[in-house]
Every structure is written in C-alpha cells, then in structure tokens.
>>> print(open('query_23.txt').read())   # compact mmCIF, C-alpha atoms
# COMPACT_ATOMS: atom_id res chain seq x y z
CA MET A 3 104.82 105.51 89.10
CA LYS A 4 104.39 102.20 87.35
CA PHE A 5 105.25 99.12 89.47
CA LEU A 6 104.95 101.20 92.63
CA ASP A 7 101.57 102.93 92.88
CA GLU A 8 99.48 99.88 92.04
CA TYR A 9 100.97 98.06 95.05
CA ARG A 10 99.79 100.81 97.40
CA GLU A 11 96.04 100.77 96.62
CA GLU A 12 94.16 100.96 99.91
CA LYS A 13 91.20 98.92 98.67
CA GLU A 14 93.47 96.01 97.69
CA VAL A 15 95.43 96.34 100.96
CA ARG A 16 92.15 95.89 102.88
CA ARG A 17 91.18 92.84 100.82
CA LEU A 18 94.51 91.20 101.52
CA LEU A 19 94.31 92.08 105.21
CA ALA A 20 90.91 90.40 105.37
CA ALA A 21 92.44 87.32 103.75
CA VAL A 22 95.22 87.24 106.38
CA GLU A 23 92.61 87.56 109.14
CA ARG A 24 90.69 84.58 107.77
CA ARG A 25 93.87 82.46 107.77
CA VAL A 26 95.14 83.15 111.29
CA THR A 27 93.96 80.90 114.12
CA ARG A 28 96.96 81.04 116.51
CA PRO A 29 99.65 83.51 117.62
CA TRP A 30 102.74 83.68 115.41
CA THR A 31 105.85 85.86 115.36
CA ILE A 32 107.25 86.74 111.94
CA MET A 33 110.51 88.59 111.29
CA GLU A 34 111.39 90.82 108.37
CA ILE A 35 115.03 91.50 107.83
CA CYS A 36 115.18 94.55 105.59
CA GLY A 37 115.12 98.23 106.52
CA GLY A 38 113.02 99.11 103.48
CA GLN A 39 110.36 96.65 104.62
CA THR A 40 110.54 97.99 108.19
CA HIS A 41 109.76 101.46 106.89
CA THR A 42 106.83 100.38 104.70
CA LEU A 43 105.34 98.35 107.58
CA ILE A 44 105.56 101.22 110.05
CA LYS A 45 104.80 104.12 107.71
CA ALA A 46 101.72 102.45 106.25
CA GLY A 47 100.76 101.17 109.72
CA ILE A 48 100.49 97.61 108.42
CA ASP A 49 101.81 96.11 111.67
CA ARG A 50 98.88 97.70 113.52
CA MET A 51 96.30 96.60 110.97
CA LEU A 52 97.31 92.93 111.20
CA PRO A 53 95.25 90.64 113.44
CA ASP A 54 96.30 90.61 117.11
CA GLU A 55 97.61 87.05 116.81
CA LEU A 56 100.39 88.20 114.48
CA THR A 57 103.53 89.93 115.73
CA VAL A 58 105.93 91.28 113.14
CA VAL A 59 109.43 91.95 114.52
CA HIS A 60 112.27 93.74 112.76
CA GLY A 61 115.56 91.93 112.35
CA PRO A 62 119.05 93.29 111.63
CA GLY A 63 117.96 94.51 108.19
CA CYS A 64 119.89 97.75 108.09
CA PRO A 65 123.54 97.39 106.98
CA VAL A 66 124.48 100.81 108.32
CA CYS A 67 123.09 99.82 111.73
CA VAL A 68 125.05 96.57 111.99
CA THR A 69 128.37 98.08 110.89
CA PRO A 70 130.60 97.82 113.99
CA LEU A 71 131.55 100.97 115.80
CA GLU A 72 135.25 100.14 115.28
CA MET A 73 134.66 100.30 111.52
CA ILE A 74 133.00 103.71 111.79
CA ASP A 75 135.91 104.92 113.92
CA ARG A 76 138.29 103.63 111.22
CA ALA A 77 136.28 105.50 108.58
CA ILE A 78 136.53 108.67 110.64
CA ALA A 79 140.30 108.21 111.08
CA LEU A 80 140.73 107.75 107.32
CA ALA A 81 138.49 110.69 106.46
CA ALA A 82 140.59 112.98 108.65
CA ARG A 83 143.79 112.24 106.68
CA GLU A 84 144.96 115.05 104.50
CA GLU A 85 145.62 112.97 101.36
CA VAL A 86 142.22 111.23 101.50
CA ILE A 87 138.93 112.03 99.81
CA PHE A 88 136.51 109.87 101.78
CA THR A 89 133.35 108.82 99.92
CA SER A 90 130.23 107.14 101.21
CA PHE A 91 126.52 106.69 100.65
CA GLY A 92 124.67 109.47 102.45
CA ASP A 93 123.27 107.16 105.14
CA MET A 94 126.64 106.64 106.77
CA LEU A 95 127.63 110.27 107.22
CA ARG A 96 125.72 110.95 110.43
CA VAL A 97 126.22 107.60 112.15
CA PRO A 98 127.93 108.38 115.45
CA GLY A 99 131.40 106.93 115.99
CA SER A 100 132.92 106.79 119.47
CA ASP A 101 133.71 110.52 119.47
CA ALA A 102 132.49 112.03 116.18
CA ASP A 103 130.69 111.31 112.93
CA LEU A 104 131.84 111.73 109.33
CA LEU A 105 129.97 115.00 108.94
CA GLY A 106 131.85 116.31 111.97
CA VAL A 107 135.13 115.40 110.26
CA LYS A 108 133.93 117.30 107.19
CA ALA A 109 133.08 120.32 109.32
CA ARG A 110 136.64 120.29 110.64
CA GLY A 111 138.04 120.39 107.11
CA GLY A 112 138.12 116.70 106.15
CA ASP A 113 137.27 115.97 102.51
CA VAL A 114 134.16 113.81 102.94
CA ARG A 115 131.82 113.41 99.98
CA PHE A 116 128.54 111.66 99.45
CA VAL A 117 128.25 109.59 96.24
CA TYR A 118 125.19 108.11 94.54
CA SER A 119 127.06 105.15 93.02
CA PRO A 120 130.43 103.56 93.90
CA LEU A 121 131.43 104.11 90.25
CA ASP A 122 131.29 107.86 91.02
CA ALA A 123 134.02 107.29 93.61
CA VAL A 124 136.21 105.58 90.97
CA GLU A 125 135.61 108.54 88.64
CA LEU A 126 136.60 110.89 91.45
CA ALA A 127 139.86 108.95 91.86
CA ARG A 128 140.58 109.24 88.14
CA ALA A 129 139.92 112.97 88.25
CA ASN A 130 142.19 113.44 91.32
CA PRO A 131 145.29 111.32 90.63
CA ASP A 132 147.30 112.99 93.41
CA ARG A 133 144.71 112.23 96.09
CA GLN A 134 143.63 108.92 97.66
CA VAL A 135 139.92 108.17 97.23
CA VAL A 136 138.45 105.75 99.77
CA PHE A 137 134.90 104.42 99.41
CA PHE A 138 133.06 103.08 102.46
CA ALA A 139 131.72 99.78 101.08
CA VAL A 140 128.84 99.02 103.40
CA GLY A 141 125.88 96.90 102.42
CA PHE A 142 124.10 93.60 102.06
CA GLU A 143 124.25 91.32 99.01
CA THR A 144 122.12 93.87 97.10
CA THR A 145 124.97 96.40 97.07
CA ALA A 146 127.81 93.91 96.55
CA PRO A 147 127.58 93.85 92.70
CA ALA A 148 127.88 97.64 92.52
CA ASN A 149 130.82 97.75 94.94
CA ALA A 150 132.46 94.76 93.25
CA MET A 151 132.16 96.50 89.87
CA ALA A 152 133.84 99.63 91.27
CA VAL A 153 136.86 97.61 92.48
CA TRP A 154 136.94 95.59 89.28
CA ARG A 155 136.90 98.70 87.06
CA ALA A 156 139.56 100.36 89.20
CA SER A 157 141.77 97.27 88.90
CA GLN A 158 141.21 96.99 85.14
CA ARG A 159 141.96 100.64 84.48
CA GLY A 160 144.86 100.94 86.89
CA VAL A 161 143.13 103.45 89.18
CA ASP A 162 145.62 102.81 91.96
CA ASN A 163 144.53 105.71 94.14
CA PHE A 164 141.11 104.09 94.75
CA SER A 165 140.41 101.76 97.67
CA ILE A 166 137.47 100.55 99.76
CA LEU A 167 136.88 100.23 103.47
CA CYS A 168 134.90 97.00 103.33
CA ALA A 169 132.13 96.18 105.81
CA HIS A 170 129.91 93.97 103.66
CA VAL A 171 127.47 91.66 105.43
CA LEU A 172 125.39 88.67 104.33
CA VAL A 173 121.81 87.99 105.38
CA PRO A 174 121.37 84.17 105.60
CA PRO A 175 124.06 83.67 108.33
CA ALA A 176 122.34 86.33 110.47
CA MET A 177 118.98 84.56 110.04
CA ASP A 178 120.67 81.32 111.03
CA ALA A 179 122.10 82.97 114.17
CA ILE A 180 118.67 84.35 115.15
CA LEU A 181 116.92 81.02 114.59
CA ALA A 182 119.62 79.12 116.52
CA SER A 183 119.34 81.42 119.54
CA PRO A 184 117.83 79.58 122.57
CA ASP A 185 115.26 82.32 123.21
CA ASN A 186 114.20 82.63 119.58
CA ARG A 187 110.49 83.42 119.07
CA VAL A 188 110.56 83.83 115.29
CA ARG A 189 108.48 81.20 113.49
CA GLY A 190 108.65 82.55 109.95
CA PHE A 191 110.64 85.02 107.87
CA LEU A 192 110.03 87.55 105.16
CA ALA A 193 113.31 87.46 103.20
CA ALA A 194 114.53 90.69 101.60
CA GLY A 195 113.49 90.94 97.95
CA HIS A 196 116.47 92.86 96.61
CA VAL A 197 119.05 90.73 98.43
CA CYS A 198 117.43 87.75 96.68
CA THR A 199 117.20 89.63 93.36
CA VAL A 200 120.99 89.44 93.30
CA MET A 201 121.70 86.13 95.08
CA GLY A 202 118.55 84.10 94.37
CA TYR A 203 117.11 82.07 97.21
CA SER A 204 118.68 78.61 97.07
CA ASP A 205 120.85 79.53 100.11
CA TYR A 206 117.65 79.89 102.16
CA GLU A 207 116.43 76.38 101.41
CA PRO A 208 118.79 74.51 103.80
CA LEU A 209 118.02 77.17 106.44
CA ALA A 210 114.26 76.63 106.15
CA GLU A 211 114.80 72.89 106.23
CA ARG A 212 117.12 72.89 109.25
CA HIS A 213 114.99 75.20 111.40
CA ARG A 214 111.66 74.03 109.93
CA VAL A 215 110.45 77.56 109.20
CA PRO A 216 108.69 79.10 106.21
CA ILE A 217 110.72 81.82 104.47
CA VAL A 218 108.97 83.97 101.89
CA VAL A 219 111.03 86.19 99.58
CA THR A 220 109.07 89.46 99.72
CA GLY A 221 108.96 92.86 98.01
CA PHE A 222 108.72 96.30 99.55
CA GLU A 223 105.32 97.82 98.84
CA PRO A 224 102.29 97.39 101.12
CA LEU A 225 100.66 94.76 98.90
CA ASP A 226 103.94 92.86 98.60
CA LEU A 227 104.40 92.77 102.37
CA LEU A 228 100.84 91.70 103.01
CA GLN A 229 101.08 88.96 100.42
CA GLY A 230 104.36 87.86 102.04
CA VAL A 231 102.67 87.77 105.45
CA PHE A 232 99.70 85.91 103.93
CA MET A 233 102.05 83.27 102.44
CA VAL A 234 104.03 82.83 105.69
CA VAL A 235 100.84 82.56 107.78
CA THR A 236 99.29 80.10 105.34
CA ALA A 237 102.41 77.92 105.54
CA LEU A 238 102.51 78.15 109.37
CA GLU A 239 98.84 77.31 109.76
CA GLU A 240 99.22 74.35 107.40
CA GLY A 241 102.38 73.16 109.20
CA ARG A 242 104.58 73.64 106.13
CA PHE A 243 108.15 74.95 105.96
CA GLY A 244 110.40 75.83 103.02
CA VAL A 245 111.09 78.78 100.75
CA GLU A 246 108.47 80.55 98.63
CA ASN A 247 108.80 83.59 96.41
CA GLN A 248 106.33 86.47 96.58
CA TYR A 249 108.54 88.96 94.69
CA THR A 250 108.48 87.07 91.39
CA ARG A 251 108.55 90.25 89.31
CA SER A 252 112.21 90.68 90.30
CA VAL A 253 113.49 87.46 91.91
CA THR A 254 114.36 84.09 90.41
CA ARG A 255 115.73 81.08 92.31
CA GLU A 256 119.23 81.52 90.86
CA GLY A 257 119.30 85.33 91.16
CA ASN A 258 121.28 87.58 88.82
CA LEU A 259 124.02 85.26 87.56
CA ARG A 260 126.09 87.98 85.94
CA ALA A 261 126.09 90.05 89.13
CA ARG A 262 126.95 87.02 91.25
CA GLU A 263 129.86 86.21 88.95
CA ILE A 264 131.54 89.61 89.50
CA VAL A 265 130.83 89.49 93.24
CA GLU A 266 132.54 86.08 93.39
CA HIS A 267 135.45 87.40 91.37
CA VAL A 268 136.09 90.33 93.71
CA PHE A 269 135.00 89.18 97.17
CA GLU A 270 135.43 86.13 99.39
CA VAL A 271 133.34 85.14 102.40
CA CYS A 272 134.73 85.96 105.86
CA ASP A 273 133.60 86.17 109.48
CA ARG A 274 132.17 89.58 110.39
CA PRO A 275 131.28 91.29 113.64
CA TRP A 276 127.70 92.70 113.62
CA ARG A 277 127.12 95.72 115.82
CA GLY A 278 124.99 94.78 118.79
CA ILE A 279 125.05 91.08 117.89
CA GLY A 280 128.68 89.95 117.80
CA THR A 281 130.74 88.01 115.30
CA ILE A 282 128.79 85.70 113.01
CA PRO A 283 130.85 83.10 111.10
CA ASP A 284 130.92 83.44 107.30
CA SER A 285 128.62 86.46 107.42
CA GLY A 286 130.53 89.01 105.35
CA TYR A 287 132.67 89.73 102.34
CA ARG A 288 136.28 90.91 102.12
CA LEU A 289 138.37 91.52 99.02
CA ARG A 290 140.06 88.49 97.52
CA PRO A 291 143.84 88.35 98.20
CA GLU A 292 144.68 89.26 94.57
CA LEU A 293 142.73 92.52 94.98
CA ALA A 294 143.99 93.25 98.52
CA SER A 295 145.84 96.33 97.26
CA PHE A 296 142.39 97.98 96.98
CA ASP A 297 141.70 97.34 100.67
CA ALA A 298 141.95 100.64 102.56
CA GLU A 299 142.74 98.82 105.81
CA LYS A 300 145.85 97.36 104.15
CA ARG A 301 146.80 100.50 102.25
CA PHE A 302 146.73 102.85 105.23
CA ASP A 303 148.09 102.40 108.71
CA ILE A 304 144.97 103.37 110.62
CA GLY A 305 146.45 102.39 113.96
CA CYS A 306 144.45 101.24 116.92
CA VAL A 307 140.92 102.51 117.44
CA ALA A 308 139.49 102.12 120.92
CA ALA A 309 135.74 102.11 120.32
CA HIS A 310 133.38 102.73 123.19
CA GLU A 311 129.64 102.10 122.78
CA SER A 312 126.93 104.25 124.31
CA THR A 313 125.72 102.49 127.44
CA GLU A 314 122.21 103.92 127.00
CA CYS A 315 121.58 102.59 123.48
CA ILE A 316 119.80 99.22 123.18
CA ALA A 317 120.38 98.89 119.42
CA GLY A 318 121.59 95.29 119.82
CA GLU A 319 118.27 94.20 121.35
CA ILE A 320 116.33 96.08 118.68
CA LEU A 321 118.40 94.64 115.82
CA GLN A 322 117.60 91.13 117.03
CA GLY A 323 113.89 91.85 117.31
CA ARG A 324 113.92 91.36 121.11
CA GLN A 325 112.78 94.89 121.89
CA ARG A 326 110.99 97.57 119.91
CA PRO A 327 112.44 101.07 119.43
CA ASN A 328 109.77 102.63 121.66
CA ASP A 329 110.73 100.21 124.48
CA CYS A 330 114.01 102.15 124.82
CA LEU A 331 114.11 104.71 127.63
CA GLN A 332 116.12 107.10 125.46
CA PHE A 333 113.80 106.84 122.42
CA GLY A 334 112.62 110.33 121.44
CA VAL A 335 114.16 111.73 124.64
CA GLY A 336 117.96 111.43 124.68
CA CYS A 337 117.98 109.92 121.18
CA THR A 338 116.42 111.62 118.15
CA PRO A 339 117.41 111.78 114.45
CA GLU A 340 119.07 115.15 115.20
CA HIS A 341 121.00 113.78 118.21
CA PRO A 342 121.22 110.02 117.70
CA LEU A 343 122.78 107.67 120.25
CA GLY A 344 122.84 104.76 117.84
CA ALA A 345 122.79 103.95 114.14
CA PRO A 346 119.15 102.71 113.96
CA MET A 347 118.02 106.28 114.71
CA VAL A 348 120.21 107.73 111.93
CA SER A 349 119.88 105.50 108.93
CA SER A 350 116.87 105.98 106.70
CA GLU A 351 116.47 102.22 107.10
CA GLY A 352 116.89 102.02 110.85
CA ALA A 353 113.95 100.76 112.90
CA CYS A 354 114.25 103.61 115.44
CA ALA A 355 114.14 106.23 112.68
CA ALA A 356 111.07 104.50 111.18
CA TYR A 357 109.23 104.58 114.51
CA PHE A 358 110.26 108.16 115.22
CA GLN A 359 109.24 109.48 111.80
CA SER A 360 105.86 107.77 112.10
CA GLY A 361 105.24 109.35 115.51
CA ARG A 362 105.34 106.02 117.40
CA LEU A 363 106.52 107.58 120.63
CA GLU A 364 104.44 105.45 122.97
CA MET B 1 120.50 100.74 101.73
CA CYS B 2 118.81 98.05 99.66
CA LEU B 3 116.36 100.52 98.22
CA GLY B 4 115.60 99.53 94.63
CA VAL B 5 113.40 101.70 92.48
CA PRO B 6 111.69 100.60 89.26
CA GLY B 7 112.37 102.83 86.27
CA ARG B 8 111.89 102.68 82.48
CA ILE B 9 114.93 102.53 80.20
CA VAL B 10 114.78 105.49 77.82
CA SER B 11 117.99 104.85 75.90
CA ILE B 12 121.09 102.64 76.00
CA ARG B 13 124.72 103.36 75.06
CA ARG B 14 128.22 102.32 76.12
CA ASN B 15 130.20 104.60 78.37
CA GLU B 16 133.90 105.28 77.81
CA ASP B 17 134.78 102.21 79.92
CA GLY B 18 132.75 100.04 77.58
CA LEU B 19 130.10 99.44 80.24
CA PRO B 20 126.51 99.38 78.98
CA THR B 21 124.82 102.45 80.42
CA GLY B 22 121.26 103.64 80.14
CA THR B 23 119.19 106.70 80.78
CA VAL B 24 116.42 105.51 83.08
CA SER B 25 113.28 107.49 83.85
CA PHE B 26 111.79 107.29 87.35
CA GLY B 27 108.38 108.88 86.88
CA GLY B 28 110.00 111.62 84.78
CA ILE B 29 113.23 112.04 86.78
CA ARG B 30 116.09 110.75 84.63
CA LYS B 31 119.31 109.18 85.84
CA GLU B 32 122.28 107.44 84.28
CA VAL B 33 122.33 103.78 85.27
CA CYS B 34 124.85 100.97 84.73
CA LEU B 35 123.16 98.15 82.78
CA ALA B 36 126.04 95.64 82.96
CA TYR B 37 123.94 93.24 85.07
CA VAL B 38 120.91 93.27 82.76
CA PRO B 39 122.65 92.70 79.41
CA ASP B 40 119.47 91.76 77.53
CA ALA B 41 117.46 94.79 78.67
CA THR B 42 116.11 97.00 75.89
CA ALA B 43 114.75 100.55 75.74
CA GLY B 44 111.18 100.73 77.00
CA GLU B 45 111.66 97.90 79.53
CA TYR B 46 111.53 98.43 83.29
CA VAL B 47 114.48 97.67 85.57
CA ILE B 48 114.98 97.77 89.35
CA VAL B 49 117.79 100.22 90.11
CA HIS B 50 119.98 100.17 93.22
CA VAL B 51 122.90 102.64 93.79
CA GLY B 52 123.17 103.39 90.09
CA PHE B 53 123.02 99.76 88.92
CA ALA B 54 120.09 97.89 87.37
CA ILE B 55 119.90 94.62 89.32
CA SER B 56 116.94 93.04 87.51
CA LYS B 57 114.39 93.51 84.77
CA VAL B 58 110.82 93.78 86.02
CA ASP B 59 108.91 90.74 84.79
CA GLU B 60 105.66 92.35 83.60
CA GLU B 61 103.71 89.09 83.63
CA GLU B 62 104.80 88.30 87.21
CA ALA B 63 104.04 91.88 88.25
CA ARG B 64 100.33 90.94 88.11
CA ALA B 65 100.72 87.96 90.46
CA VAL B 66 99.36 89.68 93.58
CA PHE B 67 96.29 90.87 91.68
CA ARG B 68 95.63 87.33 90.45
CA LEU B 69 95.81 86.17 94.08
CA LEU B 70 93.37 88.90 95.09
CA ASP B 71 90.98 87.81 92.32
CA GLU B 72 91.18 84.21 93.51
CA LEU B 73 90.64 85.25 97.13
CA GLY B 74 87.71 87.43 96.04
CA GLN B 75 86.08 84.51 94.24
CA LEU B 76 86.67 82.24 97.23
CA SER B 77 85.17 84.69 99.71
CA GLU B 78 82.16 85.17 97.40
CA LEU B 79 81.77 81.37 97.38
CA ASP B 80 82.03 81.41 101.19
CA GLU B 81 79.37 84.08 101.43
CA THR B 82 77.09 82.20 99.04
CA ALA B 83 77.63 79.06 101.09
CA THR B 84 76.84 80.93 104.30
CA ASP B 85 73.73 82.50 102.71
CA THR B 86 72.29 79.19 101.64
CA THR B 87 72.87 77.35 104.92
>>> encode(input="query_23.txt", output="structure tokens")
Amino acid sequence: MKFLDEYREEKEVRRLLAAVERRVTRPWTIMEICGGQTHTLIKAGIDRMLPDELTVVHGPGCPVCVTPLEMIDRAIALAAREEVIFTSFGDMLRVPGSDADLLGVKARGGDVRFVYSPLDAVELARANPDRQVVFFAVGFETTAPANAMAVWRASQRGVDNFSILCAHVLVPPAMDAILASPDNRVRGFLAAGHVCTVMGYSDYEPLAERHRVPIVVTGFEPLDLLQGVFMVVTALEEGRFGVENQYTRSVTREGNLRAREIVEHVFEVCDRPWRGIGTIPDSGYRLRPELASFDAEKRFDIGCVAAHESTECIAGEILQGRQRPNDCLQFGVGCTPEHPLGAPMVSSEGACAAYFQSGRLE
Amino acid sequence: MCLGVPGRIVSIRRNEDGLPTGTVSFGGIRKEVCLAYVPDATAGEYVIVHVGFAISKVDEEEARAVFRLLDELGQLSELDETATDTT
C-alpha cells in the first residue's frame, strides 16, 4: 500500500541503522510513548538491531492500558444494565475488570457491541430510541476529535439517549511526570505522530525546554522510527534539546485546527488517574459542563465500585518504562493474551502483547 | 488505539447529517470515512484515517523526506569512504 510499504524496505532500514551506529558514541535511553510504535519496534526487531549503547523503553502509550480499573468496573456495571446498549472499540472488550470483562458481561446477556467509529454509536442510539446507548470514550488526543464529534452531533440532533463514559488522557502531562521523576533515565523522546497530527507539537516545546531533552515527533513505520531515533541521537550527541518533526507528511506545528476547535468545544482539561501510575494533574479530558447531560457517569447512578488490582501484575512498572514485559514473573506463564492479568497483555497496543506475539519470552 | 492508516479518497459526498463523508480505499478495501476535519481534501488525495475519521491529508512532497535524508547520508558515507581510501 502506498505510504506504508515504502517505509518498510529492508535495504533502506539497514542504511538508516548504519547511520544511527555512526552517530552513537555514548549510552542513551530513549522513550517512545505510543502503542503503535511499540509494536513496530518489537515486531520488526528494531530494538535489537540498534547499537548496544541505545536503549529504547516503552512509555504509557496505550490508552486502554492506562484506563483505571475503577473505570473498567464502571463500564462493566453500565453494560450489565438492562436498558443499556454498551458500545466500545474492540480493544476494550477483553480488558479484565476486578471480577469480569465486558465480553463476560455480553456472555451473560448484556448488550455489548463493538463499533468501528463513535458515530456508529450515535447512529445506534437513533435507531434504538427506547434504549440507552453508552460509548466508552477511551483514547489519547488522536481519538478526541472523533469522540467530540459524536457528542456534538448527538447534542445537535437531540439524540438524548446517547452518552459517553469518558476516560480520555493527554500525552504531554504524562511525559512531564516521567521526566520529573527522581529516578528518570529517559534522555530523549519519540513523540506519537498521530497525537501530534491532531494537536500539533507546540505543547512539547516548553517540556523540551524545561527538562532539556530532545523530542522528535515520529511516525509508525520502521523507517519513520529509525529516522526518529537518528534525529534524537544526533541531538543528544550534539548536546541539543528542543522539538523536531520527523513525521512531516502528516504533522504540522499547529496540528489540525478544525479538529482542535471541536475538541475544545466539547471537552475541558481535568486531572486523571492513570492505571499503574496514579493521578496526573491536567492529564485528561471531561465533557464541558454545558454537555454534562451526555456524561454517562452523571446520567446513571453507577454506585460504588470497589476495584481490586491483581497483585501479580507489574503493569505500572512496565507503563513507566522501568521494567520490560519479559521481566515479569507472570509473563507468558500466568498471564497470556487468552488469560490476561493486566491490560498491556490484552490491548493490541500493549507492550506485553507486543512482546508475547513476537515470541520474546526470555 | 491511535492507529492511523493512509488511504486514497475515491469519492466525496455529504451524509444526511450534512457531514462531508468519503469512500476511502485502503489498498482496495473501501470504507466510509468522515472528512469533516480535512475540508479541503479532494478525490484522489491520500488521508490518514483513525476510527472512521480522516485526521490529516498526506503531504506527498514531505512523504519523500526520509528518502532525501537517506540520499544525503549515502553521499556523505561515500565521501567518508573516499576520504578513508585516499588517506
């Protein structure tokens, strides 16, 4: 396919690898913060091809994985209600809650449906006026314009039986939290190309300045990632910091202004708890007060959910890049994609799933 | 979750909500995509699609950037090798 295959050419990958090797003189740790990039790195084996001096760690780049357990338990409670059609992207359906997952609710008769686009959930609400359709709005900035449009259309067309369970998270505050941590090892970042396609990258400039790190907005194919690594390493070796853009075929500094406008119209920034990390100030979106009637947590009395985390899962350490999936004692033993203990083993973007699917058991 | 796939716009129309909508081909597989966020996109152009929404147009000129870098690096390493050969 055009704009995909040409960025996977092995010959070009090797040339770029050789260029990275020529640049590196010292050890550096670089973090990517996007599940799609994690998968390309591991599947193509790029992390193993890089020179020994370079360590690439995976940050909390999987929105499904950082969605708090309490939120998944709330989703499960909503999905079990008789009047509710619960809709979600497919990734979320098998994420374990405290006692069940959404697919389990479906097996017990709950009306749980997977949708391709949030607009499909609005359509479903229009087609079923006597039911309540709830959409699980999980995602980074990339997904916010789609979810914002769904709420906006529902509000414009009076689709009152539509609501969202909102667990939106924002990337720059999480990067800030990682860089501010006293035991931080990360010296440079690959920023997620599609997050920046929507939001642009001006928000990353003060971050790069404050922590004196290079941040390179990077795409998702092997050549993109290697060019991103090449640019970060070049900046590190030359003692430079600041934001650069590798993914210029999709990203501009200001992002997609029309998308940002609707996001701003529908959502406001709020504090959010990140699973395995804790609450990060100003790191999420919630609906603006004038659209609060579309907030499923306000529409339904979900009651109290008492979430209890698996004591064996080290997802929090993995999401912060402190440990690798195959450092976990349960990896591939008590935790597999069929019987996951934590979200990173379930989501197609989770680091544990990436390692497992690529046979990285040791 | 942030998976975005490049596809070519085959045709554009407005859906019943008035939203610009396009048929987008992903290597032959066609899907309906909301084009509200790429209002100046035209049929034949490539867009990056995420959860049924086009979030950007692919800049065809910029799409060659990595290959320009590779060419430059290739020329540099040839210069290096020439330099090494003559010393």
>>> interface_residues(input="query_23.txt", of="chain A", to="chain B", cutoff="6 Å", atoms="all atoms listed in the file", output="PyMOL selection string")
chain A and resi 3+118-119+144+250-252+260-261
>>> write_last_selection(input="query_23.txt", atoms="C-alpha atoms", output="PDB file, in the frame of the given file")
ATOM      1  CA  MET A   3     104.820 105.510  89.100  1.00  0.00           C
ATOM      2  CA  TYR A 118     125.190 108.110  94.540  1.00  0.00           C
ATOM      3  CA  SER A 119     127.060 105.150  93.020  1.00  0.00           C
ATOM      4  CA  THR A 144     122.120  93.870  97.100  1.00  0.00           C
ATOM      5  CA  THR A 250     108.480  87.070  91.390  1.00  0.00           C
ATOM      6  CA  ARG A 251     108.550  90.250  89.310  1.00  0.00           C
ATOM      7  CA  SER A 252     112.210  90.680  90.300  1.00  0.00           C
ATOM      8  CA  ARG A 260     126.090  87.980  85.940  1.00  0.00           C
ATOM      9  CA  ALA A 261     126.090  90.050  89.130  1.00  0.00           C
TER      10      ALA A 261
END
>>> closest_residue(input="query_23.txt", among="A:Met347, A:Glu240, A:Glu270, A:Ala150", to="Asp284 of chain A", atoms="all atoms listed in the file")
A:Glu270
>>> residues_near_point(input="query_23.txt", point="(131.3, 99.9, 104.4)", cutoff="6 Å", atoms="only C-alpha atoms", output="list in words")
Phe138, Ala139, Val140, Leu167, Cys168 and Ala169 of chain A
>>> atom_distance(input="query_23.txt", atom1="atom CA of Pro327 of chain A", atom2="atom CA of Val66 of chain A")
16.4 Å
>>> atom_distance(input="query_23.txt", atom1="atom CA of Ala294 of chain A", atom2="atom CA of Asn130 of chain A")
21.5 Å
>>> residues_around(input="query_23.txt", residues="Pro342 of chain A", least_positions_apart="2", cutoff="10 Å", atoms="all atoms listed in the file", output="PyMOL selection string")
chain A and resi 96-98+315+332-334+336-340+344-349+354-355
>>> residues_around(input="query_23.txt", residues="Glu364 of chain A", least_positions_apart="3", cutoff="12 Å", atoms="all atoms listed in the file", output="PDB file with C-alpha atoms, in the coordinates of the input")
ATOM      1  CA  ARG A 326     110.990  97.570 119.910  1.00  0.00           C
ATOM      2  CA  PRO A 327     112.440 101.070 119.430  1.00  0.00           C
ATOM      3  CA  ASN A 328     109.770 102.630 121.660  1.00  0.00           C
ATOM      4  CA  ASP A 329     110.730 100.210 124.480  1.00  0.00           C
ATOM      5  CA  CYS A 330     114.010 102.150 124.820  1.00  0.00           C
ATOM      6  CA  LEU A 331     114.110 104.710 127.630  1.00  0.00           C
ATOM      7  CA  PHE A 333     113.800 106.840 122.420  1.00  0.00           C
ATOM      8  CA  GLY A 334     112.620 110.330 121.440  1.00  0.00           C
ATOM      9  CA  VAL A 335     114.160 111.730 124.640  1.00  0.00           C
ATOM     10  CA  TYR A 357     109.230 104.580 114.510  1.00  0.00           C
ATOM     11  CA  PHE A 358     110.260 108.160 115.220  1.00  0.00           C
ATOM     12  CA  SER A 360     105.860 107.770 112.100  1.00  0.00           C
ATOM     13  CA  GLY A 361     105.240 109.350 115.510  1.00  0.00           C
TER      14      GLY A 361
END
>>> atom_distance(input="query_23.txt", atom1="atom CA of Cys272 of chain A", atom2="atom CA of Val171 of chain A")
9.2 Å
>>> axis_aligned_box(input="query_23.txt", around="segment 10-14 of chain B", padding_each_side="8 Å", output="JSON")
{"center_x": 121.5, "center_y": 103.9, "center_z": 76.4, "size_x": 29.4, "size_y": 19.2, "size_z": 18.8}
>>> residues_around(input="query_23.txt", residues="Glu85 of chain A", least_positions_apart="2", cutoff="6 Å", atoms="all atoms listed in the file", output="VMD selection string")
chain A and resid 83 133 to 134
>>> residues_around(input="query_23.txt", residues="Ile9 of chain B", least_positions_apart="6", cutoff="7 Å", atoms="only C-alpha atoms", output="number ranges by chain")
B: 22-25, 43-46
>>> write_last_selection(input="query_23.txt", atoms="C-alpha atoms", output="mmCIF file, in the coordinates of the input")
data_model
loop_
_atom_site.group_PDB
_atom_site.id
_atom_site.type_symbol
_atom_site.label_atom_id
_atom_site.label_comp_id
_atom_site.auth_asym_id
_atom_site.auth_seq_id
_atom_site.Cartn_x
_atom_site.Cartn_y
_atom_site.Cartn_z
ATOM 1 C CA GLY B 22 121.260 103.640 80.140
ATOM 2 C CA THR B 23 119.190 106.700 80.780
ATOM 3 C CA VAL B 24 116.420 105.510 83.080
ATOM 4 C CA SER B 25 113.280 107.490 83.850
ATOM 5 C CA ALA B 43 114.750 100.550 75.740
ATOM 6 C CA GLY B 44 111.180 100.730 77.000
ATOM 7 C CA GLU B 45 111.660 97.900 79.530
ATOM 8 C CA TYR B 46 111.530 98.430 83.290
#
>>> residues_around(input="query_23.txt", residues="segment 45-55 of chain A", least_positions_apart="3", cutoff="7 Å", atoms="all atoms listed in the file", output="PyMOL selection string")
chain A and resi 19+23+28-30+41-42+58+360
>>> closest_residue(input="query_23.txt", among="A:Ala156, A:Leu18, A:Leu209, A:Val26", to="Val173 of chain A", atoms="all atoms listed in the file")
A:Leu209
>>> decode(input="query_23.txt", residues="segment 216-227 of chain A", atoms="C-alpha atoms", output="mmCIF file, in the first residue's frame")
data_model
loop_
_atom_site.group_PDB
_atom_site.id
_atom_site.type_symbol
_atom_site.label_atom_id
_atom_site.label_comp_id
_atom_site.auth_asym_id
_atom_site.auth_seq_id
_atom_site.Cartn_x
_atom_site.Cartn_y
_atom_site.Cartn_z
ATOM 1 C CA PRO A 216 15.164 16.357 22.543
ATOM 2 C CA ILE A 217 11.638 15.333 21.497
ATOM 3 C CA VAL A 218 11.119 14.112 17.946
ATOM 4 C CA VAL A 219 7.584 13.765 16.572
ATOM 5 C CA THR A 220 7.760 10.368 14.864
ATOM 6 C CA GLY A 221 5.673 8.153 12.566
ATOM 7 C CA PHE A 222 4.913 4.462 12.851
ATOM 8 C CA GLU A 223 6.723 2.532 10.140
ATOM 9 C CA PRO A 224 10.229 1.088 10.545
ATOM 10 C CA LEU A 225 11.886 3.866 8.529
ATOM 11 C CA ASP A 226 9.967 6.525 10.455
ATOM 12 C CA LEU A 227 11.063 5.096 13.799
#
